[in-house]
>>> print(open('run17.json').read())   # JSON, C-alpha atoms and all ligand atoms
[["chain", "number", "residue", "atom", "x", "y", "z"],
["A", 7, "MET", "CA", 0.00, 0.00, 0.00],
["A", 8, "MET", "CA", 2.99, 2.33, 0.42],
["A", 9, "LEU", "CA", 3.38, 4.65, -2.56],
["A", 10, "ASN", "CA", 6.14, 7.11, -3.52],
["A", 11, "MET", "CA", 7.39, 7.54, 0.07],
["A", 12, "ASP", "CA", 11.11, 7.72, -0.75],
["A", 13, "ARG", "CA", 11.38, 11.49, -0.61],
["A", 14, "SER", "CA", 14.98, 11.45, -1.83],
["A", 15, "GLN", "CA", 13.48, 10.67, -5.27],
["A", 16, "ARG", "CA", 12.28, 13.39, -7.63],
["A", 17, "LEU", "CA", 8.67, 12.87, -8.75],
["A", 18, "VAL", "CA", 6.64, 14.47, -11.54],
["A", 19, "ILE", "CA", 3.02, 13.34, -11.85],
["A", 20, "ASP", "CA", 0.46, 14.60, -14.37],
["A", 21, "THR", "CA", -2.58, 14.17, -12.12],
["A", 22, "ASP", "CA", -5.02, 14.90, -14.98],
["A", 23, "ALA", "CA", -3.81, 11.67, -16.65],
["A", 24, "MET", "CA", -4.52, 9.51, -13.56],
["A", 25, "GLU", "CA", -7.68, 7.47, -12.98],
["A", 26, "TRP", "CA", -9.90, 8.26, -10.00],
["A", 27, "GLN", "CA", -9.96, 5.61, -7.27],
["A", 28, "PRO", "CA", -12.95, 5.17, -4.95],
["A", 29, "SER", "CA", -12.64, 6.19, -1.28],
["A", 30, "PRO", "CA", -14.58, 4.64, 1.63],
["A", 31, "ALA", "CA", -17.29, 7.31, 1.05],
["A", 32, "ALA", "CA", -19.71, 7.10, -1.90],
["A", 33, "GLY", "CA", -19.17, 9.97, -4.35],
["A", 34, "VAL", "CA", -15.70, 10.81, -2.98],
["A", 35, "ASN", "CA", -12.84, 9.70, -5.24],
["A", 36, "ARG", "CA", -9.10, 10.29, -5.19],
["A", 37, "LYS", "CA", -5.80, 10.08, -6.99],
["A", 38, "PRO", "CA", -3.01, 9.10, -4.55],
["A", 39, "LEU", "CA", 0.34, 10.84, -5.18],
["A", 40, "GLU", "CA", 2.21, 9.56, -2.12],
["A", 41, "ARG", "CA", 0.98, 7.56, 0.86],
["A", 42, "GLU", "CA", 2.22, 5.54, 3.81],
["A", 43, "ALA", "CA", -0.77, 3.20, 4.22],
["A", 44, "ALA", "CA", -4.27, 2.63, 2.89],
["A", 45, "GLU", "CA", -6.34, 4.84, 5.23],
["A", 46, "SER", "CA", -3.84, 6.35, 7.69],
["A", 47, "GLY", "CA", -0.49, 8.10, 7.99],
["A", 48, "GLN", "CA", 0.97, 10.61, 5.57],
["A", 49, "VAL", "CA", -0.93, 11.02, 2.30],
["A", 50, "THR", "CA", -0.87, 13.51, -0.56],
["A", 51, "SER", "CA", -3.73, 13.15, -3.02],
["A", 52, "VAL", "CA", -6.09, 14.93, -5.38],
["A", 53, "VAL", "CA", -9.62, 14.35, -4.10],
["A", 54, "GLU", "CA", -12.98, 14.91, -5.80],
["A", 55, "TYR", "CA", -16.35, 15.26, -4.08],
["A", 56, "LEU", "CA", -19.20, 14.65, -6.51],
["A", 57, "PRO", "CA", -22.16, 17.02, -5.96],
["A", 58, "GLY", "CA", -24.02, 16.14, -2.76],
["A", 59, "SER", "CA", -21.32, 13.81, -1.37],
["A", 60, "GLN", "CA", -19.94, 13.76, 2.16],
["A", 61, "PHE", "CA", -17.17, 12.08, 4.11],
["A", 62, "ALA", "CA", -17.59, 10.64, 7.63],
["A", 63, "SER", "CA", -16.36, 12.72, 10.58],
["A", 64, "HIS", "CA", -12.66, 12.03, 11.04],
["A", 65, "LEU", "CA", -9.64, 13.09, 13.08],
["A", 66, "HIS", "CA", -6.38, 14.50, 11.66],
["A", 67, "PRO", "CA", -3.77, 13.18, 14.15],
["A", 68, "MET", "CA", -0.95, 15.21, 12.55],
["A", 69, "GLY", "CA", -2.97, 17.81, 10.64],
["A", 70, "GLU", "CA", -4.55, 18.30, 7.23],
["A", 71, "GLU", "CA", -3.62, 20.86, 4.55],
["A", 72, "ILE", "CA", -6.02, 21.57, 1.67],
["A", 73, "MET", "CA", -6.09, 23.73, -1.45],
["A", 74, "VAL", "CA", -9.54, 23.90, -3.04],
["A", 75, "LEU", "CA", -8.91, 23.50, -6.79],
["A", 76, "ASP", "CA", -12.47, 24.01, -8.00],
["A", 77, "GLY", "CA", -16.07, 23.91, -6.80],
["A", 78, "VAL", "CA", -17.00, 24.57, -3.16],
["A", 79, "PHE", "CA", -15.75, 22.42, -0.26],
["A", 80, "GLU", "CA", -17.49, 22.67, 3.10],
["A", 81, "ASP", "CA", -17.55, 21.35, 6.65],
["A", 82, "GLU", "CA", -19.24, 22.32, 9.92],
["A", 83, "ASN", "CA", -16.90, 25.34, 10.20],
["A", 84, "GLY", "CA", -17.64, 26.98, 6.83],
["A", 85, "ARG", "CA", -17.82, 26.90, 3.05],
["A", 86, "TYR", "CA", -14.63, 27.17, 1.03],
["A", 87, "PRO", "CA", -14.73, 28.15, -2.65],
["A", 88, "ALA", "CA", -12.02, 27.37, -5.23],
["A", 89, "GLY", "CA", -8.78, 29.11, -4.26],
["A", 90, "THR", "CA", -9.23, 28.61, -0.50],
["A", 91, "TYR", "CA", -6.17, 27.40, 1.43],
["A", 92, "LEU", "CA", -6.98, 25.49, 4.64],
["A", 93, "ARG", "CA", -4.93, 24.08, 7.51],
["A", 94, "ASN", "CA", -6.67, 21.90, 10.08],
["A", 95, "PRO", "CA", -4.12, 21.43, 12.91],
["A", 96, "PRO", "CA", -3.03, 18.20, 14.61],
["A", 97, "GLY", "CA", -5.89, 16.77, 16.67],
["A", 98, "SER", "CA", -8.63, 18.58, 14.72],
["A", 99, "GLN", "CA", -11.73, 16.79, 13.50],
["A", 100, "HIS", "CA", -14.45, 17.56, 10.96],
["A", 101, "ALA", "CA", -17.17, 16.10, 8.75],
["A", 102, "PRO", "CA", -16.58, 17.46, 5.22],
["A", 103, "ALA", "CA", -19.03, 17.56, 2.33],
["A", 104, "SER", "CA", -19.76, 19.36, -0.92],
["A", 105, "ARG", "CA", -23.20, 20.40, -2.22],
["A", 106, "GLU", "CA", -21.88, 21.69, -5.56],
["A", 107, "GLY", "CA", -19.01, 19.21, -5.89],
["A", 108, "CYS", "CA", -15.32, 20.13, -5.67],
["A", 109, "ARG", "CA", -11.74, 19.06, -6.30],
["A", 110, "LEU", "CA", -9.02, 19.41, -3.67],
["A", 111, "LEU", "CA", -5.29, 18.91, -3.19],
["A", 112, "VAL", "CA", -5.01, 17.29, 0.25],
["A", 113, "LYS", "CA", -1.93, 16.59, 2.40],
["A", 114, "LEU", "CA", -2.57, 14.58, 5.56],
["A", 115, "ASN", "CA", -0.54, 14.07, 8.73],
["A", 116, "MET", "CA", 2.59, 16.03, 7.82],
["A", 117, "PHE", "CA", 2.38, 18.90, 10.35],
["A", 118, "GLN", "CA", 5.02, 19.63, 12.93],
["A", 119, "SER", "CA", 3.46, 18.91, 16.34],
["A", 120, "GLN", "CA", 3.41, 22.55, 17.51],
["A", 121, "ASP", "CA", 1.97, 23.92, 14.25],
["A", 122, "GLN", "CA", -1.46, 24.45, 15.79],
["A", 123, "ALA", "CA", -2.81, 27.51, 13.97],
["A", 124, "PRO", "CA", -6.01, 26.89, 12.00],
["A", 125, "VAL", "CA", -5.70, 28.65, 8.63],
["A", 126, "ARG", "CA", -8.54, 29.70, 6.28],
["A", 127, "ILE", "CA", -7.36, 31.94, 3.42],
["A", 128, "ASP", "CA", -9.51, 32.84, 0.43],
["A", 129, "THR", "CA", -6.65, 33.59, -1.96],
["A", 130, "ALA", "CA", -9.03, 35.47, -4.30],
["A", 131, "GLN", "CA", -9.34, 38.13, -1.54],
["A", 132, "GLN", "CA", -5.68, 38.35, -0.54],
["A", 133, "GLY", "CA", -3.01, 40.71, -1.94],
["A", 134, "TRP", "CA", 0.17, 39.82, -3.82],
["A", 135, "LEU", "CA", 3.74, 40.82, -2.99],
["A", 136, "PRO", "CA", 6.48, 41.44, -5.57],
["A", 137, "GLY", "CA", 8.71, 38.37, -6.10],
["A", 138, "LEU", "CA", 12.50, 38.26, -6.33],
["A", 139, "VAL", "CA", 12.58, 38.82, -10.12],
["A", 140, "ASP", "CA", 10.46, 40.89, -12.53],
["A", 141, "GLY", "CA", 7.28, 39.09, -13.56],
["A", 142, "LEU", "CA", 6.97, 37.13, -10.30],
["A", 143, "SER", "CA", 4.34, 37.79, -7.58],
["A", 144, "VAL", "CA", 4.07, 35.91, -4.30],
["A", 145, "MET", "CA", 1.23, 35.35, -1.83],
["A", 146, "PRO", "CA", 2.59, 33.84, 1.40],
["A", 147, "LEU", "CA", 0.08, 31.38, 2.89],
["A", 148, "HIS", "CA", 1.89, 29.84, 5.84],
["A", 149, "GLN", "CA", 5.24, 29.43, 7.51],
["A", 150, "PHE", "CA", 6.28, 27.53, 10.58],
["A", 151, "ALA", "CA", 9.57, 26.47, 12.20],
["A", 152, "GLN", "CA", 10.23, 23.94, 14.93],
["A", 153, "ASP", "CA", 13.34, 21.99, 16.04],
["A", 154, "GLY", "CA", 15.51, 23.45, 13.29],
["A", 155, "PHE", "CA", 13.08, 22.57, 10.50],
["A", 156, "SER", "CA", 10.94, 25.11, 8.75],
["A", 157, "GLU", "CA", 8.29, 25.02, 6.07],
["A", 158, "GLN", "CA", 6.85, 27.75, 3.87],
["A", 159, "VAL", "CA", 3.75, 27.66, 1.67],
["A", 160, "ALA", "CA", 2.92, 30.29, -0.96],
["A", 161, "LEU", "CA", 1.15, 30.91, -4.22],
["A", 162, "VAL", "CA", 3.48, 32.19, -6.93],
["A", 163, "ARG", "CA", 2.26, 33.84, -10.12],
["A", 164, "TRP", "CA", 4.55, 33.93, -13.18],
["A", 165, "GLN", "CA", 3.88, 36.44, -15.95],
["A", 166, "PRO", "CA", 4.60, 35.06, -19.45],
["A", 167, "GLY", "CA", 8.34, 34.97, -20.18],
["A", 168, "THR", "CA", 9.46, 35.11, -16.52],
["A", 169, "ARG", "CA", 12.77, 33.39, -15.67],
["A", 170, "PHE", "CA", 13.94, 32.75, -12.11],
["A", 171, "ASN", "CA", 17.49, 32.36, -10.81],
["A", 172, "PRO", "CA", 19.10, 28.92, -10.48],
["A", 173, "HIS", "CA", 18.58, 27.80, -6.88],
["A", 174, "SER", "CA", 18.82, 24.83, -4.50],
["A", 175, "HIS", "CA", 16.01, 23.54, -2.30],
["A", 176, "PHE", "CA", 17.16, 23.06, 1.27],
["A", 177, "GLY", "CA", 14.48, 20.79, 2.72],
["A", 178, "GLY", "CA", 13.01, 20.11, -0.71],
["A", 179, "GLU", "CA", 10.22, 21.69, -2.72],
["A", 180, "GLU", "CA", 6.75, 20.56, -3.70],
["A", 181, "ILE", "CA", 4.79, 22.28, -6.48],
["A", 182, "PHE", "CA", 1.23, 21.90, -7.76],
["A", 183, "VAL", "CA", 0.60, 23.72, -11.05],
["A", 184, "LEU", "CA", -2.80, 25.43, -10.75],
["A", 185, "GLU", "CA", -2.92, 27.35, -14.06],
["A", 186, "GLY", "CA", -0.80, 27.73, -17.19],
["A", 187, "ARG", "CA", 2.48, 25.88, -17.68],
["A", 188, "PHE", "CA", 5.52, 25.86, -15.37],
["A", 189, "GLU", "CA", 8.93, 24.86, -16.76],
["A", 190, "ASP", "CA", 12.53, 24.18, -15.82],
["A", 191, "GLU", "CA", 15.54, 22.59, -17.54],
["A", 192, "PHE", "CA", 14.10, 19.12, -16.85],
["A", 193, "GLY", "CA", 10.67, 19.54, -18.44],
["A", 194, "ALA", "CA", 7.41, 21.45, -18.95],
["A", 195, "TYR", "CA", 4.57, 20.98, -16.45],
["A", 196, "PRO", "CA", 0.98, 21.84, -17.41],
["A", 197, "ALA", "CA", -1.82, 22.65, -14.95],
["A", 198, "GLY", "CA", -2.56, 19.62, -12.78],
["A", 199, "THR", "CA", 1.10, 18.54, -12.51],
["A", 200, "TRP", "CA", 2.49, 17.70, -9.06],
["A", 201, "ILE", "CA", 6.29, 17.96, -8.67],
["A", 202, "ARG", "CA", 8.35, 16.82, -5.68],
["A", 203, "ASN", "CA", 11.97, 18.06, -5.78],
["A", 204, "PRO", "CA", 14.09, 16.43, -3.03],
["A", 205, "ASP", "CA", 16.23, 18.05, -0.35],
["A", 206, "ASN", "CA", 19.23, 19.82, -1.91],
["A", 207, "SER", "CA", 17.95, 19.43, -5.49],
["A", 208, "ARG", "CA", 18.61, 22.29, -7.89],
["A", 209, "HIS", "CA", 16.93, 23.84, -10.93],
["A", 210, "GLN", "CA", 16.31, 27.04, -12.90],
["A", 211, "PRO", "CA", 12.57, 27.48, -13.43],
["A", 212, "PHE", "CA", 10.80, 29.68, -15.98],
["A", 213, "SER", "CA", 7.42, 30.01, -17.66],
["A", 214, "GLU", "CA", 7.01, 31.01, -21.30],
["A", 215, "GLN", "CA", 3.20, 31.16, -21.21],
["A", 216, "GLY", "CA", 2.80, 32.18, -17.57],
["A", 217, "CYS", "CA", 1.45, 30.10, -14.68],
["A", 218, "LEU", "CA", 0.12, 29.99, -11.15],
["A", 219, "ILE", "CA", 1.74, 27.47, -8.80],
["A", 220, "LEU", "CA", 1.29, 26.38, -5.18],
["A", 221, "VAL", "CA", 4.76, 25.98, -3.67],
["A", 222, "LYS", "CA", 5.73, 24.30, -0.40],
["A", 223, "THR", "CA", 9.38, 24.26, 0.65],
["A", 224, "GLY", "CA", 11.57, 23.08, 3.52],
["A", 225, "HIS", "CA", 9.42, 20.19, 4.77],
["A", 226, "LEU", "CA", 10.88, 17.23, 2.88],
["A", 227, "ALA", "CA", 14.13, 16.79, 4.83],
["A", 228, "ARG", "CA", 12.18, 16.48, 8.07],
["A", 229, "LEU", "CA", 9.60, 14.15, 6.56],
["A", 230, "GLN", "CA", 12.29, 11.98, 5.05],
["A", 231, "GLY", "CA", 13.88, 11.71, 8.51],
["A", 232, "VAL", "CA", 10.57, 10.85, 10.18],
["A", 233, "TYR", "CA", 9.89, 8.25, 7.55],
["A", 234, "GLN", "CA", 13.31, 6.64, 7.96],
["A", 235, "THR", "CA", 12.90, 6.35, 11.72],
["A", 236, "CYS", "CA", 9.54, 4.63, 11.14],
["A", 237, "GLN", "CA", 11.00, 1.99, 8.83],
["A", 238, "PRO", "CA", 10.55, -1.53, 10.19],
["A", 239, "SER", "CA", 14.00, -2.99, 10.90],
["B", 301, "FE", "FE", -10.27, 16.05, 6.85],
["B", 302, "FE", "FE", 12.57, 25.64, -7.05]]
>>> encode(input="run17.json", output="structure tokens", more="lines below")
Ligand SMILES: [Fe+2]
Ligand SMILES: [Fe+2]
Amino acid sequence: MMLNMDRSQRLVIDTDAMEWQPSPAAGVNRKPLEREAAESGQVTSVVEYLPGSQFASHLHPMGEEIMVLDGVFEDENGRYPAGTYLRNPPGSQHAPASREGCRLLVKLNMFQSQDQAPVRIDTAQQGWLPGLVDGLSVMPLHQFAQDGFSEQVALVRWQPGTRFNPHSHFGGEEIFVLEGRFEDEFGAYPAGTWIRNPDNSRHQPFSEQGCLILVKTGHLARLQGVYQTCQPS
């Protein structure tokens, strides 16, 4: 049942080309990108709720991070339209559903233990900051540091023709392409592509046609370590 858990390996997955797999709830389907076990532990997946579907109330022992890709996601705390970024901290619980139907990027059980802040950001209502090079804008969504490890999450918008500097990823980098096409010297990644660049990997990204990406950095070294200590001997 373990899938893609060696985080020292680079991964590029075109999620639009994957088949949906059923979940334990009727009308809720998913595409697993990485997972520790069938229904527990660390999981990254694209999830769809068909209109009118719901998932049983459940606990997130080590947190849940969600980007609403389209439609409207909801739970007992609110309704979250496309573009909402959510963090449900370790120990939180909810019963999610979707009247209209929705698609989500979901990461489960990867929080640091003290990262307890609930986050609800409607990115359509939030301002952008200038990025490090012309043509780049950044919307910080979350950052947290504990025990020498830190993670950062942001939306990054690339105007057509933007080129970034060559750089290394201390702690790795994870990207989900939301719109347009993201590129680097290793390939071109259309909307729906999930990329996992390992700790200390290096690249020089650009975008000829422009794109919007969700970027998470710094977390992979720690997760790799956690995973290795959990390996059965
Ligand atoms: Fe959940
Ligand atoms: Fe990068």
>>> residues_around(input="run17.json", residues="Ser14 of chain A", least_positions_apart="6", cutoff="9 Å", atoms="all atoms listed in the file", output="VMD selection string")
chain A and resid 178 203 to 205 226 to 227 230
>>> closest_atom_pairs(input="run17.json", of="chain A", to="ligand FE 302 (chain B)", cutoff="12 Å", atoms="all atoms listed in the file", output="tab-separated table")
residue	atom	partner	partner_atom	distance
A:Val162	CA	B:FE302	FE	11.2
A:Arg169	CA	B:FE302	FE	11.6
A:Phe170	CA	B:FE302	FE	8.8
A:Asn171	CA	B:FE302	FE	9.1
A:Pro172	CA	B:FE302	FE	8.1
A:His173	CA	B:FE302	FE	6.4
A:Ser174	CA	B:FE302	FE	6.8
A:His175	CA	B:FE302	FE	6.2
A:Phe176	CA	B:FE302	FE	9.8
A:Gly177	CA	B:FE302	FE	11.1
A:Gly178	CA	B:FE302	FE	8.4
A:Glu179	CA	B:FE302	FE	6.3
A:Glu180	CA	B:FE302	FE	8.4
A:Ile181	CA	B:FE302	FE	8.5
A:Phe182	CA	B:FE302	FE	12.0
A:Phe188	CA	B:FE302	FE	10.9
A:Glu189	CA	B:FE302	FE	10.4
A:Asp190	CA	B:FE302	FE	8.9
A:Glu191	CA	B:FE302	FE	11.3
A:Phe192	CA	B:FE302	FE	11.9
A:Ile201	CA	B:FE302	FE	10.1
A:Arg202	CA	B:FE302	FE	9.9
A:Asn203	CA	B:FE302	FE	7.7
A:Pro204	CA	B:FE302	FE	10.2
A:Asp205	CA	B:FE302	FE	10.8
A:Asn206	CA	B:FE302	FE	10.2
A:Ser207	CA	B:FE302	FE	8.4
A:Arg208	CA	B:FE302	FE	7.0
A:His209	CA	B:FE302	FE	6.1
A:Gln210	CA	B:FE302	FE	7.1
A:Pro211	CA	B:FE302	FE	6.6
A:Phe212	CA	B:FE302	FE	10.0
A:Ile219	CA	B:FE302	FE	11.1
A:Leu220	CA	B:FE302	FE	11.5
A:Val221	CA	B:FE302	FE	8.5
A:Lys222	CA	B:FE302	FE	9.6
A:Thr223	CA	B:FE302	FE	8.4
A:Gly224	CA	B:FE302	FE	10.9
>>> write_last_selection(input="run17.json", atoms="C-alpha atoms", output="compact mmCIF listing (two decimals), in the frame of the given file")
# COMPACT_ATOMS: atom_id res chain seq x y z
CA VAL A 162 3.48 32.19 -6.93
CA ARG A 169 12.77 33.39 -15.67
CA PHE A 170 13.94 32.75 -12.11
CA ASN A 171 17.49 32.36 -10.81
CA PRO A 172 19.10 28.92 -10.48
CA HIS A 173 18.58 27.80 -6.88
CA SER A 174 18.82 24.83 -4.50
CA HIS A 175 16.01 23.54 -2.30
CA PHE A 176 17.16 23.06 1.27
CA GLY A 177 14.48 20.79 2.72
CA GLY A 178 13.01 20.11 -0.71
CA GLU A 179 10.22 21.69 -2.72
CA GLU A 180 6.75 20.56 -3.70
CA ILE A 181 4.79 22.28 -6.48
CA PHE A 182 1.23 21.90 -7.76
CA PHE A 188 5.52 25.86 -15.37
CA GLU A 189 8.93 24.86 -16.76
CA ASP A 190 12.53 24.18 -15.82
CA GLU A 191 15.54 22.59 -17.54
CA PHE A 192 14.10 19.12 -16.85
CA ILE A 201 6.29 17.96 -8.67
CA ARG A 202 8.35 16.82 -5.68
CA ASN A 203 11.97 18.06 -5.78
CA PRO A 204 14.09 16.43 -3.03
CA ASP A 205 16.23 18.05 -0.35
CA ASN A 206 19.23 19.82 -1.91
CA SER A 207 17.95 19.43 -5.49
CA ARG A 208 18.61 22.29 -7.89
CA HIS A 209 16.93 23.84 -10.93
CA GLN A 210 16.31 27.04 -12.90
CA PRO A 211 12.57 27.48 -13.43
CA PHE A 212 10.80 29.68 -15.98
CA ILE A 219 1.74 27.47 -8.80
CA LEU A 220 1.29 26.38 -5.18
CA VAL A 221 4.76 25.98 -3.67
CA LYS A 222 5.73 24.30 -0.40
CA THR A 223 9.38 24.26 0.65
CA GLY A 224 11.57 23.08 3.52
>>> atom_distance(input="run17.json", atom1="atom CA of Cys217 of chain A", atom2="atom CA of Gly198 of chain A")
11.4 Å
>>> atom_distance(input="run17.json", atom1="atom CA of Gln60 of chain A", atom2="atom CA of Gly84 of chain A")
14.2 Å
>>> residues_around(input="run17.json", residues="Trp26 of chain A", least_positions_apart="4", cutoff="7 Å", atoms="only C-alpha atoms", output="list in words")
Asn35, Arg36 and Lys37 of chain A
>>> residues_near_ligand(input="run17.json", ligand="ligand FE 301 (chain B)", cutoff="10 Å", atoms="only C-alpha atoms and all ligand atoms", output="list in words")
Phe61, Ala62, Ser63, His64, Leu65, His66, Gly69, Glu70, Glu71, Ile72, Asp81, Arg93, Asn94, Ser98, Gln99, His100, Ala101, Pro102, Ala103, Val112, Lys113 and Leu114 of chain A
>>> write_last_selection(input="run17.json", atoms="C-alpha atoms", output="short mmCIF file (atom, residue, chain, number, x, y, z; two decimals), keeping the file's coordinate frame")
data_model
loop_
_atom_site.label_atom_id
_atom_site.label_comp_id
_atom_site.auth_asym_id
_atom_site.auth_seq_id
_atom_site.Cartn_x
_atom_site.Cartn_y
_atom_site.Cartn_z
CA PHE A 61 -17.17 12.08 4.11
CA ALA A 62 -17.59 10.64 7.63
CA SER A 63 -16.36 12.72 10.58
CA HIS A 64 -12.66 12.03 11.04
CA LEU A 65 -9.64 13.09 13.08
CA HIS A 66 -6.38 14.50 11.66
CA GLY A 69 -2.97 17.81 10.64
CA GLU A 70 -4.55 18.30 7.23
CA GLU A 71 -3.62 20.86 4.55
CA ILE A 72 -6.02 21.57 1.67
CA ASP A 81 -17.55 21.35 6.65
CA ARG A 93 -4.93 24.08 7.51
CA ASN A 94 -6.67 21.90 10.08
CA SER A 98 -8.63 18.58 14.72
CA GLN A 99 -11.73 16.79 13.50
CA HIS A 100 -14.45 17.56 10.96
CA ALA A 101 -17.17 16.10 8.75
CA PRO A 102 -16.58 17.46 5.22
CA ALA A 103 -19.03 17.56 2.33
CA VAL A 112 -5.01 17.29 0.25
CA LYS A 113 -1.93 16.59 2.40
CA LEU A 114 -2.57 14.58 5.56
#
>>> atom_distance(input="run17.json", atom1="atom CA of Leu75 of chain A", atom2="atom CA of Arg228 of chain A")
26.7 Å
>>> residues_around(input="run17.json", residues="Gln118 of chain A", least_positions_apart="2", cutoff="12 Å", atoms="only C-alpha atoms", output="ChimeraX atom specification")
/A:67-70,95-97,114-116,120-123,149-157,224-226,228-229,232
>>> residues_around(input="run17.json", residues="Ser213 of chain A", least_positions_apart="5", cutoff="10 Å", atoms="all atoms listed in the file", output="list in words")
Gly141, Arg163, Trp164, Gln165, Pro166, Gly167, Thr168, Arg169, Phe170, Gly186, Arg187, Phe188, Glu189, Asp190, Ala194, Tyr195 and Leu218 of chain A
>>> axis_aligned_box(input="run17.json", around="segment 100-118 of chain A", padding_each_side="4 Å", output="AutoDock Vina command-line options")
--center_x -9.1 --center_y 17.9 --center_z 3.3 --size_x 36.2 --size_y 15.6 --size_z 27.2
>>> closest_residue(input="run17.json", among="A:Val53, A:Met24, A:Ala130, A:Leu161", to="Met145 of chain A", atoms="all atoms listed in the file")
A:Leu161
>>> closest_residue(input="run17.json", among="A:Leu147, A:Met8, A:Gln158, A:Gln215", to="Glu45 of chain A", atoms="only C-alpha atoms")
A:Met8
>>> closest_residue(input="run17.json", among="A:Gly89, A:Glu185, A:Ser143, A:Phe117", to="Gln131 of chain A", atoms="only C-alpha atoms")
A:Gly89
>>> residues_around(input="run17.json", residues="Val49 of chain A", least_positions_apart="2", cutoff="7 Å", atoms="only C-alpha atoms", output="PyMOL selection string")
chain A and resi 40-42+47+51+113-114
>>> closest_residue(input="run17.json", among="A:Leu39, A:Leu111, A:Leu184, A:Leu138", to="Val74 of chain A", atoms="all atoms listed in the file")
A:Leu111
>>> decode(input="run17.json", residues="segment 95-113 of chain A", atoms="C-alpha atoms", output="PDB file, in the first residue's frame")
ATOM      1  CA  PRO A  95      -4.121  21.435  12.909  1.00  0.00           C
ATOM      2  CA  PRO A  96      -3.028  18.197  14.612  1.00  0.00           C
ATOM      3  CA  GLY A  97      -5.887  16.766  16.665  1.00  0.00           C
ATOM      4  CA  SER A  98      -8.626  18.580  14.719  1.00  0.00           C
ATOM      5  CA  GLN A  99     -11.727  16.789  13.498  1.00  0.00           C
ATOM      6  CA  HIS A 100     -14.449  17.561  10.961  1.00  0.00           C
ATOM      7  CA  ALA A 101     -17.174  16.096   8.749  1.00  0.00           C
ATOM      8  CA  PRO A 102     -16.576  17.458   5.216  1.00  0.00           C
ATOM      9  CA  ALA A 103     -19.033  17.565   2.327  1.00  0.00           C
ATOM     10  CA  SER A 104     -19.759  19.359  -0.925  1.00  0.00           C
ATOM     11  CA  ARG A 105     -23.202  20.403  -2.217  1.00  0.00           C
ATOM     12  CA  GLU A 106     -21.878  21.690  -5.558  1.00  0.00           C
ATOM     13  CA  GLY A 107     -19.012  19.207  -5.888  1.00  0.00           C
ATOM     14  CA  CYS A 108     -15.321  20.127  -5.673  1.00  0.00           C
ATOM     15  CA  ARG A 109     -11.743  19.056  -6.304  1.00  0.00           C
ATOM     16  CA  LEU A 110      -9.017  19.410  -3.670  1.00  0.00           C
ATOM     17  CA  LEU A 111      -5.295  18.909  -3.194  1.00  0.00           C
ATOM     18  CA  VAL A 112      -5.012  17.290   0.253  1.00  0.00           C
ATOM     19  CA  LYS A 113      -1.934  16.593   2.405  1.00  0.00           C
TER      20      LYS A 113
END
